[in-house]
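Below: structure-v1.pdb (PDB, C-alpha atoms and all ligand atoms)
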ATOM      1  CA  MET L 256     -85.277  58.811  45.547
ATOM      2  CA  PRO L 257     -87.232  62.096  45.322
ATOM      3  CA  ALA L 258     -90.817  62.026  44.126
ATOM      4  CA  MET L 259     -91.007  62.289  40.359
ATOM      5  CA  LYS L 260     -93.608  64.451  38.750
ATOM      6  CA  GLY L 261     -94.259  66.421  35.583
ATOM      7  CA  PRO L 262     -92.906  65.599  32.121
ATOM      8  CA  GLU L 263     -89.907  63.880  33.684
ATOM      9  CA  THR L 264     -92.224  61.167  34.897
ATOM     10  CA  ILE L 265     -93.526  60.641  31.389
ATOM     11  CA  GLN L 266     -90.022  60.086  30.088
ATOM     12  CA  GLN L 267     -88.748  58.084  32.986
ATOM     13  CA  THR L 268     -91.564  55.600  33.081
ATOM     14  CA  LYS L 269     -90.639  54.557  29.532
ATOM     15  CA  HIS L 270     -87.030  53.780  30.367
ATOM     16  CA  PRO L 271     -85.609  50.403  31.283
ATOM     17  CA  ALA L 272     -84.119  50.317  34.770
ATOM     18  CA  ASP L 273     -80.659  49.146  33.729
ATOM     19  CA  GLY L 274     -78.603  52.113  34.936
ATOM     20  CA  GLN L 275     -78.761  55.401  36.797
ATOM     21  CA  LEU L 276     -77.962  58.857  35.477
ATOM     22  CA  PRO L 277     -75.768  60.810  37.900
ATOM     23  CA  GLY L 278     -75.576  64.666  37.968
ATOM     24  CA  ALA L 279     -74.045  65.866  34.686
ATOM     25  CA  SER L 280     -74.226  63.104  32.113
ATOM     26  CA  VAL L 281     -73.580  62.785  28.424
ATOM     27  CA  ILE L 282     -77.004  62.891  26.829
ATOM     28  CA  TRP L 283     -76.212  63.927  23.248
ATOM     29  CA  ASP L 284     -73.596  61.649  21.758
ATOM     30  CA  LEU L 285     -70.869  63.092  19.504
ATOM     31  CA  PRO L 286     -72.457  61.964  16.197
ATOM     32  CA  THR L 287     -75.795  63.602  17.110
ATOM     33  CA  ARG L 288     -74.078  66.843  18.069
ATOM     34  CA  LEU L 289     -71.980  66.918  14.906
ATOM     35  CA  PHE L 290     -75.083  66.046  12.888
ATOM     36  CA  HIS L 291     -76.939  68.979  14.428
ATOM     37  CA  TRP L 292     -74.360  71.703  13.945
ATOM     38  CA  ILE L 293     -73.388  70.639  10.419
ATOM     39  CA  LEU L 294     -77.116  70.480   9.579
ATOM     40  CA  ALA L 295     -77.697  73.996  10.931
ATOM     41  CA  LEU L 296     -74.833  75.338   8.768
ATOM     42  CA  ALA L 297     -75.877  73.413   5.655
ATOM     43  CA  PHE L 298     -79.501  74.461   6.099
ATOM     44  CA  GLY L 299     -78.578  78.155   6.294
ATOM     45  CA  THR L 300     -76.390  77.727   3.208
ATOM     46  CA  SER L 301     -79.137  75.901   1.277
ATOM     47  CA  VAL L 302     -81.785  78.511   2.069
ATOM     48  CA  TYR L 303     -79.480  81.412   1.240
ATOM     49  CA  THR L 304     -78.226  79.957  -2.044
ATOM     50  CA  GLY L 305     -81.701  78.653  -3.039
ATOM     51  CA  TYR L 306     -83.234  82.110  -2.736
ATOM     52  CA  THR L 307     -80.360  84.141  -4.163
ATOM     53  CA  GLY L 308     -79.819  81.826  -7.156
ATOM     54  CA  GLY L 309     -77.038  82.469  -9.697
ATOM     55  CA  PHE L 310     -74.623  79.921 -11.087
ATOM     56  CA  THR L 311     -72.106  79.683  -8.255
ATOM     57  CA  GLN L 312     -74.810  79.845  -5.619
ATOM     58  CA  MET L 313     -76.733  76.990  -7.236
ATOM     59  CA  GLU L 314     -73.561  74.886  -7.441
ATOM     60  CA  ILE L 315     -73.159  75.386  -3.711
ATOM     61  CA  HIS L 316     -76.891  74.743  -3.257
ATOM     62  CA  LEU L 317     -76.723  71.339  -4.937
ATOM     63  CA  ALA L 318     -73.742  70.404  -2.749
ATOM     64  CA  SER L 319     -75.226  71.610   0.562
ATOM     65  CA  GLY L 320     -78.592  70.039  -0.292
ATOM     66  CA  GLN L 321     -76.975  66.672  -0.965
ATOM     67  CA  LEU L 322     -74.988  67.011   2.246
ATOM     68  CA  ILE L 323     -78.316  67.450   4.083
ATOM     69  CA  LEU L 324     -79.707  64.352   2.368
ATOM     70  CA  TRP L 325     -76.723  62.382   3.650
ATOM     71  CA  LEU L 326     -76.977  63.890   7.142
ATOM     72  CA  VAL L 327     -80.689  63.107   7.460
ATOM     73  CA  THR L 328     -80.172  59.555   6.179
ATOM     74  CA  PHE L 329     -77.457  59.099   8.792
ATOM     75  CA  ARG L 330     -79.659  60.546  11.559
ATOM     76  CA  LEU L 331     -82.523  58.230  10.627
ATOM     77  CA  ILE L 332     -80.207  55.230  10.974
ATOM     78  CA  TRP L 333     -78.663  56.653  14.153
ATOM     79  CA  GLY L 334     -82.169  56.999  15.561
ATOM     80  CA  PHE L 335     -82.218  53.193  15.765
ATOM     81  CA  VAL L 336     -78.619  52.321  16.648
ATOM     82  CA  GLY L 337     -77.230  55.437  18.389
ATOM     83  CA  HIS L 338     -76.809  56.140  22.087
ATOM     84  CA  TYR L 339     -79.948  55.779  24.204
ATOM     85  CA  TRP L 340     -81.047  59.460  24.058
ATOM     86  CA  SER L 341     -80.501  59.703  20.292
ATOM     87  CA  ARG L 342     -82.879  56.829  19.624
ATOM     88  CA  PHE L 343     -86.386  57.635  18.473
ATOM     89  CA  SER L 344     -87.754  55.170  21.012
ATOM     90  CA  SER L 345     -86.422  57.361  23.857
ATOM     91  CA  PHE L 346     -88.251  60.507  22.785
ATOM     92  CA  LEU L 347     -91.274  59.517  20.723
ATOM     93  CA  SER L 348     -94.400  59.895  22.826
ATOM     94  CA  GLY L 349     -98.083  59.363  22.244
ATOM     95  CA  PRO L 350    -100.719  62.158  22.158
ATOM     96  CA  SER L 351    -101.600  61.710  25.841
ATOM     97  CA  ALA L 352     -97.977  62.278  26.949
ATOM     98  CA  ILE L 353     -97.837  65.382  24.752
ATOM     99  CA  LYS L 354    -101.121  66.653  26.229
ATOM    100  CA  THR L 355     -99.863  66.062  29.775
ATOM    101  CA  TYR L 356     -96.625  67.812  28.904
ATOM    102  CA  LEU L 357     -98.501  70.846  27.516
ATOM    103  CA  ARG L 358    -100.668  70.956  30.648
ATOM    104  CA  HIS L 359     -97.577  70.904  32.861
ATOM    105  CA  LEU L 360     -96.010  73.598  30.715
ATOM    106  CA  ALA L 361     -99.051  75.830  31.201
ATOM    107  CA  THR L 362     -99.145  75.292  34.975
ATOM    108  CA  GLY L 363     -95.369  75.527  35.403
ATOM    109  CA  GLU L 364     -95.176  72.039  36.899
ATOM    110  CA  GLY L 365     -92.185  69.806  36.165
ATOM    111  CA  SER L 366     -89.908  72.767  35.492
ATOM    112  CA  GLN L 367     -86.712  70.855  36.340
ATOM    113  CA  PRO L 368     -84.583  69.936  33.322
ATOM    114  CA  ALA L 369     -85.347  66.457  32.023
ATOM    115  CA  PRO L 370     -82.789  64.565  29.928
ATOM    116  CA  GLY L 371     -83.282  64.166  26.182
ATOM    117  CA  HIS L 372     -86.042  65.730  24.089
ATOM    118  CA  ASN L 373     -89.315  66.488  25.852
ATOM    119  CA  PRO L 374     -92.460  64.966  24.244
ATOM    120  CA  LEU L 375     -93.210  68.103  22.211
ATOM    121  CA  GLY L 376     -89.559  68.547  21.235
ATOM    122  CA  GLY L 377     -89.470  64.909  20.099
ATOM    123  CA  LEU L 378     -92.421  65.573  17.823
ATOM    124  CA  SER L 379     -90.763  68.632  16.332
ATOM    125  CA  VAL L 380     -87.556  66.647  15.706
ATOM    126  CA  ILE L 381     -89.542  64.094  13.698
ATOM    127  CA  ALA L 382     -91.352  66.864  11.801
ATOM    128  CA  MET L 383     -88.051  68.575  10.943
ATOM    129  CA  LEU L 384     -86.360  65.352   9.833
ATOM    130  CA  THR L 385     -89.370  64.371   7.692
ATOM    131  CA  LEU L 386     -89.594  67.763   5.998
ATOM    132  CA  LEU L 387     -85.822  67.881   5.489
ATOM    133  CA  ALA L 388     -85.962  64.460   3.814
ATOM    134  CA  ILE L 389     -88.817  65.580   1.524
ATOM    135  CA  GLN L 390     -86.957  68.819   0.805
ATOM    136  CA  ALA L 391     -83.714  67.081  -0.129
ATOM    137  CA  VAL L 392     -85.380  64.353  -2.233
ATOM    138  CA  THR L 393     -87.600  66.792  -4.177
ATOM    139  CA  GLY L 394     -84.473  68.910  -4.748
ATOM    140  CA  LEU L 395     -82.932  65.992  -6.641
ATOM    141  CA  PHE L 396     -85.776  66.263  -9.179
ATOM    142  CA  SER L 397     -86.100  70.071  -9.247
ATOM    143  CA  ASN L 398     -85.079  72.482 -11.973
ATOM    144  CA  ASP L 399     -85.039  76.263 -12.255
ATOM    145  CA  ASP L 400     -85.886  76.322 -15.981
ATOM    146  CA  ILE L 401     -82.670  78.272 -16.610
ATOM    147  CA  MET L 402     -79.440  76.428 -15.992
ATOM    148  CA  THR L 403     -79.709  74.299 -12.853
ATOM    149  CA  GLU L 404     -81.398  71.003 -12.305
ATOM    150  CA  GLY L 405     -81.159  68.339  -9.648
ATOM    151  CA  PRO L 406     -79.120  65.216 -10.558
ATOM    152  CA  LEU L 407     -82.268  63.090 -11.032
ATOM    153  CA  ALA L 408     -84.437  65.619 -12.908
ATOM    154  CA  HIS L 409     -83.607  63.938 -16.242
ATOM    155  CA  LEU L 410     -85.389  60.762 -15.049
ATOM    156  CA  ILE L 411     -88.856  62.384 -15.025
ATOM    157  CA  SER L 412     -90.904  64.541 -17.405
ATOM    158  CA  HIS L 413     -90.462  68.298 -17.389
ATOM    159  CA  GLU L 414     -94.005  68.707 -16.044
ATOM    160  CA  ALA L 415     -93.323  66.321 -13.140
ATOM    161  CA  SER L 416     -90.058  68.123 -12.404
ATOM    162  CA  ARG L 417     -91.933  71.442 -12.373
ATOM    163  CA  GLN L 418     -94.428  70.061  -9.854
ATOM    164  CA  LEU L 419     -91.714  68.681  -7.593
ATOM    165  CA  THR L 420     -89.952  72.050  -7.807
ATOM    166  CA  GLU L 421     -93.141  73.630  -6.447
ATOM    167  CA  VAL L 422     -93.193  71.100  -3.595
ATOM    168  CA  HIS L 423     -89.503  71.950  -3.027
ATOM    169  CA  ALA L 424     -90.306  75.670  -2.752
ATOM    170  CA  LEU L 425     -93.336  75.090  -0.481
ATOM    171  CA  CYS L 426     -91.418  72.710   1.758
ATOM    172  CA  ALA L 427     -88.599  75.272   2.113
ATOM    173  CA  ALA L 428     -91.130  77.776   3.460
ATOM    174  CA  LEU L 429     -92.596  75.213   5.895
ATOM    175  CA  LEU L 430     -89.113  74.309   7.072
ATOM    176  CA  MET L 431     -88.286  77.907   7.776
ATOM    177  CA  ILE L 432     -91.420  78.207   9.912
ATOM    178  CA  LEU L 433     -90.479  75.027  11.795
ATOM    179  CA  VAL L 434     -86.909  76.194  12.320
ATOM    180  CA  PHE L 435     -88.216  79.530  13.565
ATOM    181  CA  LEU L 436     -90.447  77.683  16.077
ATOM    182  CA  HIS L 437     -87.486  75.445  16.980
ATOM    183  CA  LEU L 438     -85.272  78.420  17.755
ATOM    184  CA  THR L 439     -88.071  80.199  19.625
ATOM    185  CA  ALA L 440     -88.608  77.112  21.805
ATOM    186  CA  VAL L 441     -84.872  76.663  22.431
ATOM    187  CA  PHE L 442     -84.365  80.305  23.420
ATOM    188  CA  TRP L 443     -87.495  80.228  25.554
ATOM    189  CA  TYR L 444     -86.039  77.322  27.521
ATOM    190  CA  VAL L 445     -82.636  78.988  27.739
ATOM    191  CA  PHE L 446     -83.777  82.432  28.882
ATOM    192  CA  TRP L 447     -87.122  81.751  30.578
ATOM    193  CA  ARG L 448     -86.627  78.338  32.114
ATOM    194  CA  ARG L 449     -82.840  78.693  32.476
ATOM    195  CA  HIS L 450     -82.170  75.275  30.946
ATOM    196  CA  PRO L 451     -78.801  75.471  29.153
ATOM    197  CA  LEU L 452     -79.988  73.493  26.096
ATOM    198  CA  ILE L 453     -77.552  75.067  23.640
ATOM    199  CA  ARG L 454     -74.569  74.309  25.858
ATOM    200  CA  SER L 455     -75.814  70.710  26.087
ATOM    201  CA  MET L 456     -75.949  70.434  22.300
ATOM    202  CA  VAL L 457     -72.293  71.584  22.261
ATOM    203  CA  THR L 458     -70.835  69.573  25.138
ATOM    204  CA  GLY L 459     -73.368  66.744  25.080
ATOM    205  CA  ARG L 460     -73.814  67.067  28.846
ATOM    206  CA  GLN L 461     -76.988  67.802  30.738
ATOM    207  CA  THR L 462     -77.320  68.192  34.464
ATOM    208  CA  VAL L 463     -80.368  66.240  35.449
ATOM    209  CA  SER L 464     -81.601  66.667  38.971
ATOM    210  CA  LEU L 465     -83.728  63.535  39.023
ATOM    211  CA  PRO L 466     -82.299  60.038  38.904
ATOM    212  CA  VAL L 467     -83.248  58.435  35.601
ATOM    213  CA  ALA L 468     -82.820  54.876  34.508
ATOM    214  CA  ALA L 469     -80.835  54.699  31.272
ATOM    215  CA  PRO L 470     -77.703  53.020  29.918
ATOM    216  CA  GLU L 471     -74.401  54.846  30.446
ATOM    217  CA  TYR L 472     -72.814  56.649  27.502
ATOM    218  CA  ARG L 473     -70.314  54.635  25.519
ATOM    219  CA  LEU L 474     -69.822  55.460  21.854
ATOM    220  CA  SER L 475     -69.709  52.350  19.690
ATOM    221  CA  TRP L 476     -67.272  53.152  16.883
ATOM    222  CA  LEU L 477     -68.288  50.014  15.021
ATOM    223  CA  ARG L 478     -71.935  51.117  14.933
ATOM    224  CA  LEU L 479     -70.887  54.613  13.955
ATOM    225  CA  VAL L 480     -68.744  53.401  11.055
ATOM    226  CA  LEU L 481     -71.511  51.045   9.878
ATOM    227  CA  ALA L 482     -74.140  53.808  10.125
ATOM    228  CA  LEU L 483     -71.912  56.266   8.222
ATOM    229  CA  ALA L 484     -71.132  53.683   5.558
ATOM    230  CA  THR L 485     -74.810  52.743   5.126
ATOM    231  CA  ALA L 486     -75.856  56.404   4.861
ATOM    232  CA  THR L 487     -73.114  57.049   2.296
ATOM    233  CA  LEU L 488     -74.048  53.984   0.261
ATOM    234  CA  LEU L 489     -77.761  54.859   0.288
ATOM    235  CA  THR L 490     -77.340  58.515  -0.723
ATOM    236  CA  TYR L 491     -74.579  57.837  -3.247
ATOM    237  CA  GLY L 492     -76.596  54.958  -4.682
ATOM    238  CA  LEU L 493     -79.766  57.060  -4.933
ATOM    239  CA  ILE L 494     -78.003  59.924  -6.697
ATOM    240  CA  ASN L 495     -75.645  57.992  -8.953
ATOM    241  CA  TRP L 496     -77.115  54.576  -9.638
ATOM    242  CA  LEU L 497     -80.773  55.365 -10.338
TER     243      LEU L 497
HETATM  244  C1  LIG L 501     -77.973  78.250  15.455
HETATM  245  C2  LIG L 501     -79.195  77.825  15.451
HETATM  246  C3  LIG L 501     -79.661  76.622  16.254
HETATM  247  C4  LIG L 501     -79.614  76.413  17.596
HETATM  248  C5  LIG L 501     -79.056  77.332  18.668
HETATM  249  C6  LIG L 501     -80.202  75.114  17.828
HETATM  250  C7  LIG L 501     -80.333  74.514  19.061
HETATM  251  C8  LIG L 501     -80.783  73.243  19.283
HETATM  252  C9  LIG L 501     -80.839  72.598  20.568
HETATM  253  C10 LIG L 501     -80.435  73.258  21.877
HETATM  254  C11 LIG L 501     -81.324  71.361  20.397
HETATM  255  C12 LIG L 501     -81.606  70.342  21.495
HETATM  256  C13 LIG L 501     -83.027  70.541  21.931
HETATM  257  C14 LIG L 501     -83.361  69.700  23.126
HETATM  258  O1  LIG L 501     -82.634  69.725  24.118
HETATM  259  O2  LIG L 501     -84.381  68.976  23.057
HETATM  260  C15 LIG L 501     -81.561  71.178  18.986
HETATM  261  C16 LIG L 501     -82.022  70.012  18.418
HETATM  262  C17 LIG L 501     -82.302  69.899  17.072
HETATM  263  N1  LIG L 501     -82.222  70.895  16.130
HETATM  264 FE1  LIG L 501     -81.457  72.732  16.396
HETATM  265  N2  LIG L 501     -80.616  74.578  16.644
HETATM  266  C18 LIG L 501     -80.302  75.470  15.651
HETATM  267  C19 LIG L 501     -80.549  75.332  14.319
HETATM  268  C20 LIG L 501     -81.208  74.263  13.753
HETATM  269  C21 LIG L 501     -81.578  74.166  12.369
HETATM  270  C22 LIG L 501     -81.308  75.242  11.304
HETATM  271  C23 LIG L 501     -82.190  72.955  12.211
HETATM  272  C24 LIG L 501     -82.799  72.310  11.003
HETATM  273  C25 LIG L 501     -82.722  72.691   9.810
HETATM  274  C26 LIG L 501     -82.189  72.300  13.492
HETATM  275  C27 LIG L 501     -82.690  71.047  13.723
HETATM  276  C28 LIG L 501     -82.597  70.370  14.910
HETATM  277  C29 LIG L 501     -82.913  68.962  15.065
HETATM  278  C30 LIG L 501     -83.347  68.001  13.953
HETATM  279  C31 LIG L 501     -82.705  68.671  16.415
HETATM  280  C32 LIG L 501     -82.815  67.307  17.077
HETATM  281  C33 LIG L 501     -81.400  66.772  17.239
HETATM  282  C34 LIG L 501     -81.393  65.273  17.238
HETATM  283  O3  LIG L 501     -81.924  64.639  18.141
HETATM  284  O4  LIG L 501     -80.837  64.758  16.272
HETATM  285  N3  LIG L 501     -81.589  73.122  14.419
HETATM  286  N4  LIG L 501     -81.240  72.345  18.328
HETATM  287  C1  LIG L 502     -82.861  70.463   2.759
HETATM  288  C2  LIG L 502     -82.129  70.934   1.783
HETATM  289  C3  LIG L 502     -82.587  72.013   0.841
HETATM  290  C4  LIG L 502     -83.124  73.244   1.092
HETATM  291  C5  LIG L 502     -83.409  73.875   2.447
HETATM  292  C6  LIG L 502     -83.395  73.856  -0.190
HETATM  293  C7  LIG L 502     -83.956  75.108  -0.358
HETATM  294  C8  LIG L 502     -84.252  75.674  -1.589
HETATM  295  C9  LIG L 502     -84.859  76.964  -1.777
HETATM  296  C10 LIG L 502     -85.256  77.908  -0.639
HETATM  297  C11 LIG L 502     -85.000  77.153  -3.112
HETATM  298  C12 LIG L 502     -85.616  78.386  -3.798
HETATM  299  C13 LIG L 502     -87.093  78.116  -3.961
HETATM  300  C14 LIG L 502     -87.798  79.266  -4.640
HETATM  301  O1  LIG L 502     -87.271  79.800  -5.620
HETATM  302  O2  LIG L 502     -88.903  79.621  -4.185
HETATM  303  C15 LIG L 502     -84.461  76.006  -3.785
HETATM  304  C16 LIG L 502     -84.408  75.835  -5.131
HETATM  305  C17 LIG L 502     -83.786  74.784  -5.771
HETATM  306  N1  LIG L 502     -83.190  73.686  -5.167
HETATM  307 FE1  LIG L 502     -83.117  73.330  -3.186
HETATM  308  N2  LIG L 502     -83.007  72.988  -1.186
HETATM  309  C18 LIG L 502     -82.508  71.858  -0.589
HETATM  310  C19 LIG L 502     -81.999  70.741  -1.211
HETATM  311  C20 LIG L 502     -81.804  70.634  -2.572
HETATM  312  C21 LIG L 502     -81.174  69.511  -3.234
HETATM  313  C22 LIG L 502     -80.656  68.239  -2.533
HETATM  314  C23 LIG L 502     -81.153  69.797  -4.550
HETATM  315  C24 LIG L 502     -80.552  68.969  -5.664
HETATM  316  C25 LIG L 502     -79.441  68.284  -5.541
HETATM  317  C26 LIG L 502     -81.803  71.069  -4.745
HETATM  318  C27 LIG L 502     -82.016  71.692  -5.959
HETATM  319  C28 LIG L 502     -82.689  72.867  -6.148
HETATM  320  C29 LIG L 502     -82.963  73.455  -7.462
HETATM  321  C30 LIG L 502     -82.581  72.871  -8.804
HETATM  322  C31 LIG L 502     -83.641  74.661  -7.209
HETATM  323  C32 LIG L 502     -84.137  75.667  -8.241
HETATM  324  C33 LIG L 502     -85.621  75.581  -8.391
HETATM  325  C34 LIG L 502     -86.261  76.944  -8.593
HETATM  326  O3  LIG L 502     -85.655  77.820  -9.180
HETATM  327  O4  LIG L 502     -87.391  77.127  -8.095
HETATM  328  N3  LIG L 502     -82.180  71.559  -3.513
HETATM  329  N4  LIG L 502     -84.026  75.097  -2.838
END

Turn the structure described in the file into structure tokens.
Ligand code: HEM
Ligand code: HEM
Amino acid sequence: MPAMKGPETIQQTKHPADGQLPGASVIWDLPTRLFHWILALAFGTSVYTGYTGGFTQMEIHLASGQLILWLVTFRLIWGFVGHYWSRFSSFLSGPSAIKTYLRHLATGEGSQPAPGHNPLGGLSVIAMLTLLAIQAVTGLFSNDDIMTEGPLAHLISHEASRQLTEVHALCAALLMILVFLHLTAVFWYVFWRRHPLIRSMVTGRQTVSLPVAAPEYRLSWLRLVLALATATLLTYGLINWL
């Protein structure tokens, strides 16, 4: 086994030694990949329709926003029951691991591709999911003072709805900054470090040069169906039964 160093070490030391990753392995399971690409489309749609406004656009906005609420709810559940690399426990790191990772990044150490999200990437995933959740939930209570309001706006006072609409607008701006940073980081890895991250998010496969202990990929359809059903029940219940 070759000597392990750099950020790979940080990730590997956390993993249970109950399997070995060979060359090209499935890292991103199908649900995570579908989640990602549908999210990217729905996010673009939500931002475009939110800023352009107009009746049809806002109808689409309410639909794409609620789709994002459902997607994020699913991803939060999948973060506990999904395949190894989709679980939060596989990519959430403490401040010291992030610091070490940043130091290695600056010195160019550990430049071989490591499976899953790196410590900084893991942090940005959590930040994006949290902001997306806040964005979608505040949207439910927002109103544009003209003709469109979120499905739960009638439950609160007009003043409260106005305030949540402001949070909704602010959060949209923060999300766009985060997504910009996300894309910058991804393209930096693709073009500078030559790590084919985008291809991996499409095929699910990553070629990892270091042996890493992790369970082999096997999609559990039962877990997937249960996670989808729970996400549907939670979002439908929130929107329709409150
Ligand atoms: C076409 C534009 C996009 C590209 C090319 C892209 C690419 C990627 C790639 C390559 C990864 C995996 C990163 C890694 O290996 O650690 C990723 C993960 C992620 N991206 Fe994007 N992305 C795009 C748009 C977006 C947008 C618009 C959002 C959010 C609104 C987003 C949110 C995320 C999240 C949450 C993850 C983590 C996936 C997970 O573990 O569930 N991405 N993206
Ligand atoms: C993550 C998903 C979402 C994104 C990215 C998003 C984005 C936006 C943006 C950029 C605006 C325009 C803000 C401005 O005028 O400065 C907006 C407005 C609005 N959104 Fe969303 N939104 C999302 C989810 C939702 C949801 C789930 C609902 C309700 C079901 C909703 C309802 C509204 C309403 C009623 C407005 C009009 C408020 C106004 O005119 O300021 N949004 N949204």

In terms of the shortest atom-to-atom distance over all atoms listed in the file, which of L:Phe329, L:Phe310, L:Tyr356, L:Tyr491 is closest to Met402 of chain L?
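Smallest separation from Met402 of chain L among the options: L:Phe310.
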
Please write the residues picked by the PyMOL selection byres (((chain L and resi 372-382) around 6) and not hetatm) on this file as a PyMOL selection string.
chain L and resi 346-348+353+371+383-385

Would you mind listing, for every residue of chain L within 6 Å of ligand LIG 502 (chain L), the two atoms forming the shortest contact and the distance between them in Å to one decimal, using all atoms listed in the file, sorted by chain and ascending residue number, as JSON lines?
{"residue": "L:Phe298", "atom": "CA", "partner": "L:LIG502", "partner_atom": "C5", "distance": 5.4}
{"residue": "L:Ser301", "atom": "CA", "partner": "L:LIG502", "partner_atom": "C4", "distance": 4.8}
{"residue": "L:Val302", "atom": "CA", "partner": "L:LIG502", "partner_atom": "C10", "distance": 4.4}
{"residue": "L:Gly305", "atom": "CA", "partner": "L:LIG502", "partner_atom": "C11", "distance": 3.6}
{"residue": "L:Tyr306", "atom": "CA", "partner": "L:LIG502", "partner_atom": "C12", "distance": 4.5}
{"residue": "L:Leu317", "atom": "CA", "partner": "L:LIG502", "partner_atom": "C25", "distance": 4.1}
{"residue": "L:Gly320", "atom": "CA", "partner": "L:LIG502", "partner_atom": "C22", "distance": 3.5}
{"residue": "L:Gln321", "atom": "CA", "partner": "L:LIG502", "partner_atom": "C22", "distance": 4.3}
{"residue": "L:Ile323", "atom": "CA", "partner": "L:LIG502", "partner_atom": "C1", "distance": 5.6}
{"residue": "L:Leu387", "atom": "CA", "partner": "L:LIG502", "partner_atom": "C1", "distance": 4.8}
{"residue": "L:Gln390", "atom": "CA", "partner": "L:LIG502", "partner_atom": "C1", "distance": 4.8}
{"residue": "L:Ala391", "atom": "CA", "partner": "L:LIG502", "partner_atom": "C22", "distance": 4.1}
{"residue": "L:Gly394", "atom": "CA", "partner": "L:LIG502", "partner_atom": "C26", "distance": 3.4}
{"residue": "L:Leu395", "atom": "CA", "partner": "L:LIG502", "partner_atom": "C24", "distance": 3.9}
{"residue": "L:Ser397", "atom": "CA", "partner": "L:LIG502", "partner_atom": "C30", "distance": 4.5}
{"residue": "L:Asn398", "atom": "CA", "partner": "L:LIG502", "partner_atom": "C30", "distance": 4.1}
{"residue": "L:Asp399", "atom": "CA", "partner": "L:LIG502", "partner_atom": "O3", "distance": 3.5}
{"residue": "L:Thr403", "atom": "CA", "partner": "L:LIG502", "partner_atom": "C30", "distance": 5.2}
{"residue": "L:Glu404", "atom": "CA", "partner": "L:LIG502", "partner_atom": "C30", "distance": 4.1}
{"residue": "L:Gly405", "atom": "CA", "partner": "L:LIG502", "partner_atom": "C24", "distance": 4.1}
{"residue": "L:Pro406", "atom": "CA", "partner": "L:LIG502", "partner_atom": "C25", "distance": 5.9}
{"residue": "L:Thr420", "atom": "CA", "partner": "L:LIG502", "partner_atom": "C33", "distance": 5.6}
{"residue": "L:Ala424", "atom": "CA", "partner": "L:LIG502", "partner_atom": "C13", "distance": 4.2}
{"residue": "L:Ala427", "atom": "CA", "partner": "L:LIG502", "partner_atom": "C10", "distance": 5.1}

Closest to Val336 of chain L among L:Ala408, L:Leu324, L:Thr287, L:Thr458, using only C-alpha atoms?
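Smallest distance to Val336 of chain L is found for L:Thr287.
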
Just want the residues within 9 Å of ligand LIG 501 (chain L), written as a PyMOL selection string, counting only C-alpha atoms and all ligand atoms.
chain L and resi 283+286-288+290-292+294-299+323+327+330-331+333-334+340-343+346+369-373+375-377+379-384+387+430-431+433-435+437-438+440-442+444-445+450-457+461

Gap from atom CA of Ala318 of chain L to atom CA of Val392 of chain L - Å, one decimal:
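Rounded to one decimal, the two atoms are 13.1 Å apart.
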
What's the separation between atom CA of Val422 of chain L and atom CA of Ile293 of chain L, in Å to one decimal place?
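About the pair atom CA of Val422 of chain L and atom CA of Ile293 of chain L: they are 24.3 Å apart.
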
How many Å separate atom CA of Tyr472 of chain L from atom CA of Ala484 of chain L?
22.2 Å

So what does the PyMOL selection byres (((chain L and resi 486) around 8) and not hetatm) actually pick up in this one, as a list in words?
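For this structure, the PyMOL selection byres (((chain L and resi 486) around 8) and not hetatm) resolves to Trp325, Leu326, Thr328, Phe329, Ile332, Ala482, Leu483, Ala484, Thr485, Thr487, Leu488, Leu489 and Thr490 of chain L.
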
Compare L:Leu474, L:Ile401, L:Cys426, L:Leu481 by their minimum atom-to-atom distance to Gly309 of chain L, counting only C-alpha atoms, and give me the closest one.
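Nearest to Gly309 of chain L: L:Ile401.
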
Between L:Ile432, L:Leu419, L:Val281, L:Leu477, which has the minimum distance to Ile389 of chain L (counting all atoms listed in the file)?
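Using all atoms listed in the file, Ile389 of chain L sits closest to L:Leu419.
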